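Worksheet: one structure, shown below.
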Amino acid sequence: IVMLTRTDLYLLEIKLNQSGKSASHQINLKNYRQRFALSGRPITTVGVNFDGETRNISDWIIEKDRIGGLPEMLRVSQSGSENENPLDV
């Protein structure tokens with residue numbers, strides 16, 4: 001899913017019964033960030049996993065561009081806990 005606002009561009013990948021990490025990995029694997037780089041807007045990617053059993057979001061990973069640097073990463077689970085390194089899940 002691509003959402004474009006006046007100030008930002010959001011790329012969302014949604015998975016079922018997998019993980020936010022898996023969804024985020026697909027965004028990176030398919031080079032979605034590079035495809036939209038010419039938009040001139042900061043890009044935020046969101047990898048979301050839905051749990052089919054609980055019918056709810058189980059976890060997600062948000063990566064937001066920082067000016068002049070690598071994306072800032074934040075991993076949050078349904079419980080609201082944060083992990084400084086989302087790849088160590």
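Each chain of the structure tokens is named A, B, ... in the order shown, its residues numbered from 1; ligands are numbered from 1 in display order.
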Practice item. Please provide as an MDAnalysis selection string all residues within 6 Å of stretch 12-20 of chain A, with the sequence filter that same-chain residues fewer than 3 positions apart are discarded (counting only C-alpha atoms). Key: chainID A and resid 1 23 45:51 59:61
Using N, CA, C and O atoms, can you export the residues from the last selection as a short mmCIF file (atom, residue, chain, number, x, y, z; two decimals), in the first residue's frame?
```
data_model
loop_
_atom_site.label_atom_id
_atom_site.label_comp_id
_atom_site.auth_asym_id
_atom_site.auth_seq_id
_atom_site.Cartn_x
_atom_site.Cartn_y
_atom_site.Cartn_z
N ILE A 1 0.87 -1.17 0.00
CA ILE A 1 0.00 0.00 0.00
C ILE A 1 0.90 1.22 0.00
O ILE A 1 1.84 1.30 0.78
N ALA A 23 7.42 -8.64 6.73
CA ALA A 23 6.81 -7.60 5.89
C ALA A 23 7.82 -6.51 5.57
O ALA A 23 7.93 -6.07 4.42
N THR A 45 8.40 3.46 6.01
CA THR A 45 7.92 2.13 5.67
C THR A 45 7.35 1.47 6.92
O THR A 45 7.86 1.67 8.02
N VAL A 46 6.28 0.72 6.73
CA VAL A 46 5.61 0.06 7.84
C VAL A 46 5.35 -1.39 7.44
O VAL A 46 4.63 -1.65 6.48
N GLY A 47 5.98 -2.32 8.15
CA GLY A 47 5.73 -3.75 7.96
C GLY A 47 4.80 -4.22 9.06
O GLY A 47 5.12 -4.09 10.24
N VAL A 48 3.64 -4.75 8.68
CA VAL A 48 2.60 -5.11 9.64
C VAL A 48 2.27 -6.60 9.52
O VAL A 48 2.19 -7.12 8.40
N ASN A 49 2.08 -7.26 10.65
CA ASN A 49 1.61 -8.64 10.64
C ASN A 49 0.27 -8.74 11.37
O ASN A 49 0.12 -8.23 12.48
N PHE A 50 -0.68 -9.40 10.72
CA PHE A 50 -1.96 -9.72 11.34
C PHE A 50 -1.94 -11.16 11.80
O PHE A 50 -1.50 -12.04 11.07
N ASP A 51 -2.42 -11.40 12.99
CA ASP A 51 -2.54 -12.75 13.53
C ASP A 51 -3.94 -13.25 13.22
O ASP A 51 -4.93 -12.67 13.68
N ASP A 59 2.36 -7.60 15.43
CA ASP A 59 3.53 -6.74 15.57
C ASP A 59 3.76 -5.97 14.28
O ASP A 59 3.15 -6.27 13.26
N TRP A 60 4.63 -4.97 14.39
CA TRP A 60 4.93 -4.15 13.23
C TRP A 60 6.31 -3.52 13.39
O TRP A 60 6.83 -3.43 14.49
N ILE A 61 6.87 -3.12 12.26
CA ILE A 61 8.15 -2.43 12.24
C ILE A 61 7.96 -1.16 11.43
O ILE A 61 7.41 -1.19 10.33
#
```
Check your understanding: Using only C-alpha atoms, which residues sit within 10 Å of A:Asp8 once same-chain residues fewer than 2 positions away are excluded, as a PyMOL selection string?
Key -> chain A and resi 3-6+10+39-44
Would you write out those residues with all heavy atoms, as a PDB file, in the first residue's frame?
```
ATOM      1  N   MET A   3       0.798   5.390   0.414  1.00  0.00           N
ATOM      2  CA  MET A   3       0.003   6.556   0.806  1.00  0.00           C
ATOM      3  C   MET A   3       0.886   7.786   0.656  1.00  0.00           C
ATOM      4  O   MET A   3       1.979   7.841   1.220  1.00  0.00           O
ATOM      5  CB  MET A   3      -0.489   6.437   2.246  1.00  0.00           C
ATOM      6  CG  MET A   3      -1.452   5.299   2.452  1.00  0.00           C
ATOM      7  SD  MET A   3      -2.203   5.272   4.100  1.00  0.00           S
ATOM      8  CE  MET A   3      -0.778   5.120   5.146  1.00  0.00           C
ATOM      9  N   LEU A   4       0.404   8.747  -0.103  1.00  0.00           N
ATOM     10  CA  LEU A   4       1.137   9.974  -0.343  1.00  0.00           C
ATOM     11  C   LEU A   4       0.378  11.138   0.280  1.00  0.00           C
ATOM     12  O   LEU A   4      -0.816  11.324   0.012  1.00  0.00           O
ATOM     13  CB  LEU A   4       1.296  10.195  -1.850  1.00  0.00           C
ATOM     14  CG  LEU A   4       2.056  11.424  -2.304  1.00  0.00           C
ATOM     15  CD1 LEU A   4       3.512  11.352  -1.857  1.00  0.00           C
ATOM     16  CD2 LEU A   4       1.986  11.541  -3.822  1.00  0.00           C
ATOM     17  N   THR A   5       1.059  11.883   1.151  1.00  0.00           N
ATOM     18  CA  THR A   5       0.462  13.077   1.734  1.00  0.00           C
ATOM     19  C   THR A   5       1.213  14.284   1.196  1.00  0.00           C
ATOM     20  O   THR A   5       2.154  14.140   0.420  1.00  0.00           O
ATOM     21  CB  THR A   5       0.547  13.065   3.277  1.00  0.00           C
ATOM     22  OG1 THR A   5       1.908  13.221   3.672  1.00  0.00           O
ATOM     23  CG2 THR A   5      -0.021  11.770   3.861  1.00  0.00           C
ATOM     24  N   ARG A   6       0.839  15.453   1.614  1.00  0.00           N
ATOM     25  CA  ARG A   6       1.536  16.666   1.157  1.00  0.00           C
ATOM     26  C   ARG A   6       2.982  16.705   1.621  1.00  0.00           C
ATOM     27  O   ARG A   6       3.825  17.321   0.997  1.00  0.00           O
ATOM     28  CB  ARG A   6       0.812  17.909   1.662  1.00  0.00           C
ATOM     29  CG  ARG A   6      -0.512  18.112   1.008  1.00  0.00           C
ATOM     30  CD  ARG A   6      -1.160  19.368   1.482  1.00  0.00           C
ATOM     31  NE  ARG A   6      -2.481  19.478   0.885  1.00  0.00           N
ATOM     32  CZ  ARG A   6      -3.314  20.423   1.130  1.00  0.00           C
ATOM     33  NH1 ARG A   6      -2.986  21.382   1.991  1.00  0.00           N
ATOM     34  NH2 ARG A   6      -4.483  20.459   0.545  1.00  0.00           N
ATOM     35  N   TYR A  10       4.239   7.076   2.568  1.00  0.00           N
ATOM     36  CA  TYR A  10       4.202   5.899   3.433  1.00  0.00           C
ATOM     37  C   TYR A  10       4.079   4.643   2.574  1.00  0.00           C
ATOM     38  O   TYR A  10       3.239   4.587   1.673  1.00  0.00           O
ATOM     39  CB  TYR A  10       3.002   5.962   4.389  1.00  0.00           C
ATOM     40  CG  TYR A  10       3.076   7.129   5.331  1.00  0.00           C
ATOM     41  CD1 TYR A  10       2.531   8.366   4.993  1.00  0.00           C
ATOM     42  CD2 TYR A  10       3.705   7.004   6.567  1.00  0.00           C
ATOM     43  CE1 TYR A  10       2.615   9.445   5.855  1.00  0.00           C
ATOM     44  CE2 TYR A  10       3.783   8.082   7.431  1.00  0.00           C
ATOM     45  CZ  TYR A  10       3.241   9.297   7.071  1.00  0.00           C
ATOM     46  OH  TYR A  10       3.331  10.366   7.923  1.00  0.00           O
ATOM     47  N   SER A  39      10.165  11.032  -5.209  1.00  0.00           N
ATOM     48  CA  SER A  39       8.982  11.788  -4.773  1.00  0.00           C
ATOM     49  C   SER A  39       9.385  13.070  -4.047  1.00  0.00           C
ATOM     50  O   SER A  39       8.601  14.004  -3.949  1.00  0.00           O
ATOM     51  CB  SER A  39       8.102  10.944  -3.851  1.00  0.00           C
ATOM     52  OG  SER A  39       8.729  10.765  -2.585  1.00  0.00           O
ATOM     53  N   GLY A  40      10.624  13.096  -3.525  1.00  0.00           N
ATOM     54  CA  GLY A  40      11.088  14.272  -2.808  1.00  0.00           C
ATOM     55  C   GLY A  40      10.536  14.396  -1.401  1.00  0.00           C
ATOM     56  O   GLY A  40      10.727  15.407  -0.737  1.00  0.00           O
ATOM     57  N   ARG A  41       9.851  13.371  -0.943  1.00  0.00           N
ATOM     58  CA  ARG A  41       9.269  13.394   0.399  1.00  0.00           C
ATOM     59  C   ARG A  41       9.963  12.369   1.282  1.00  0.00           C
ATOM     60  O   ARG A  41      10.430  11.346   0.794  1.00  0.00           O
ATOM     61  CB  ARG A  41       7.781  13.066   0.319  1.00  0.00           C
ATOM     62  CG  ARG A  41       6.962  14.136  -0.370  1.00  0.00           C
ATOM     63  CD  ARG A  41       5.517  13.675  -0.517  1.00  0.00           C
ATOM     64  NE  ARG A  41       4.656  14.732  -0.980  1.00  0.00           N
ATOM     65  CZ  ARG A  41       4.434  15.000  -2.252  1.00  0.00           C
ATOM     66  NH1 ARG A  41       5.037  14.306  -3.195  1.00  0.00           N
ATOM     67  NH2 ARG A  41       3.616  15.980  -2.595  1.00  0.00           N
ATOM     68  N   PRO A  42      10.004  12.618   2.578  1.00  0.00           N
ATOM     69  CA  PRO A  42      10.522  11.590   3.484  1.00  0.00           C
ATOM     70  C   PRO A  42       9.667  10.334   3.358  1.00  0.00           C
ATOM     71  O   PRO A  42       8.439  10.420   3.223  1.00  0.00           O
ATOM     72  CB  PRO A  42      10.369  12.204   4.871  1.00  0.00           C
ATOM     73  CG  PRO A  42      10.209  13.667   4.649  1.00  0.00           C
ATOM     74  CD  PRO A  42       9.595  13.822   3.291  1.00  0.00           C
ATOM     75  N   ILE A  43      10.310   9.178   3.382  1.00  0.00           N
ATOM     76  CA  ILE A  43       9.600   7.916   3.218  1.00  0.00           C
ATOM     77  C   ILE A  43       9.586   7.163   4.549  1.00  0.00           C
ATOM     78  O   ILE A  43      10.619   6.984   5.185  1.00  0.00           O
ATOM     79  CB  ILE A  43      10.264   7.046   2.133  1.00  0.00           C
ATOM     80  CG1 ILE A  43      10.195   7.763   0.781  1.00  0.00           C
ATOM     81  CG2 ILE A  43       9.597   5.676   2.049  1.00  0.00           C
ATOM     82  CD1 ILE A  43      10.965   7.071  -0.326  1.00  0.00           C
ATOM     83  N   THR A  44       8.395   6.728   4.922  1.00  0.00           N
ATOM     84  CA  THR A  44       8.225   5.889   6.109  1.00  0.00           C
ATOM     85  C   THR A  44       7.702   4.546   5.633  1.00  0.00           C
ATOM     86  O   THR A  44       6.710   4.490   4.909  1.00  0.00           O
ATOM     87  CB  THR A  44       7.229   6.519   7.095  1.00  0.00           C
ATOM     88  OG1 THR A  44       7.714   7.799   7.492  1.00  0.00           O
ATOM     89  CG2 THR A  44       7.034   5.646   8.317  1.00  0.00           C
TER      90      THR A  44
END
```
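Nearest to A:Ser24 of all the residues A:Leu38, A:Ile57, A:Val2, A:Leu11 is A:Leu11, counting only C-alpha atoms.
Considering only C-alpha atoms, the residue among A:Asn28, A:Gly52, A:Leu9, A:Lys21 positioned nearest to A:Lys64 is A:Leu9.
Note that atom CA of A:Arg55 and atom CA of A:Tyr32 are 27.3 Å apart.
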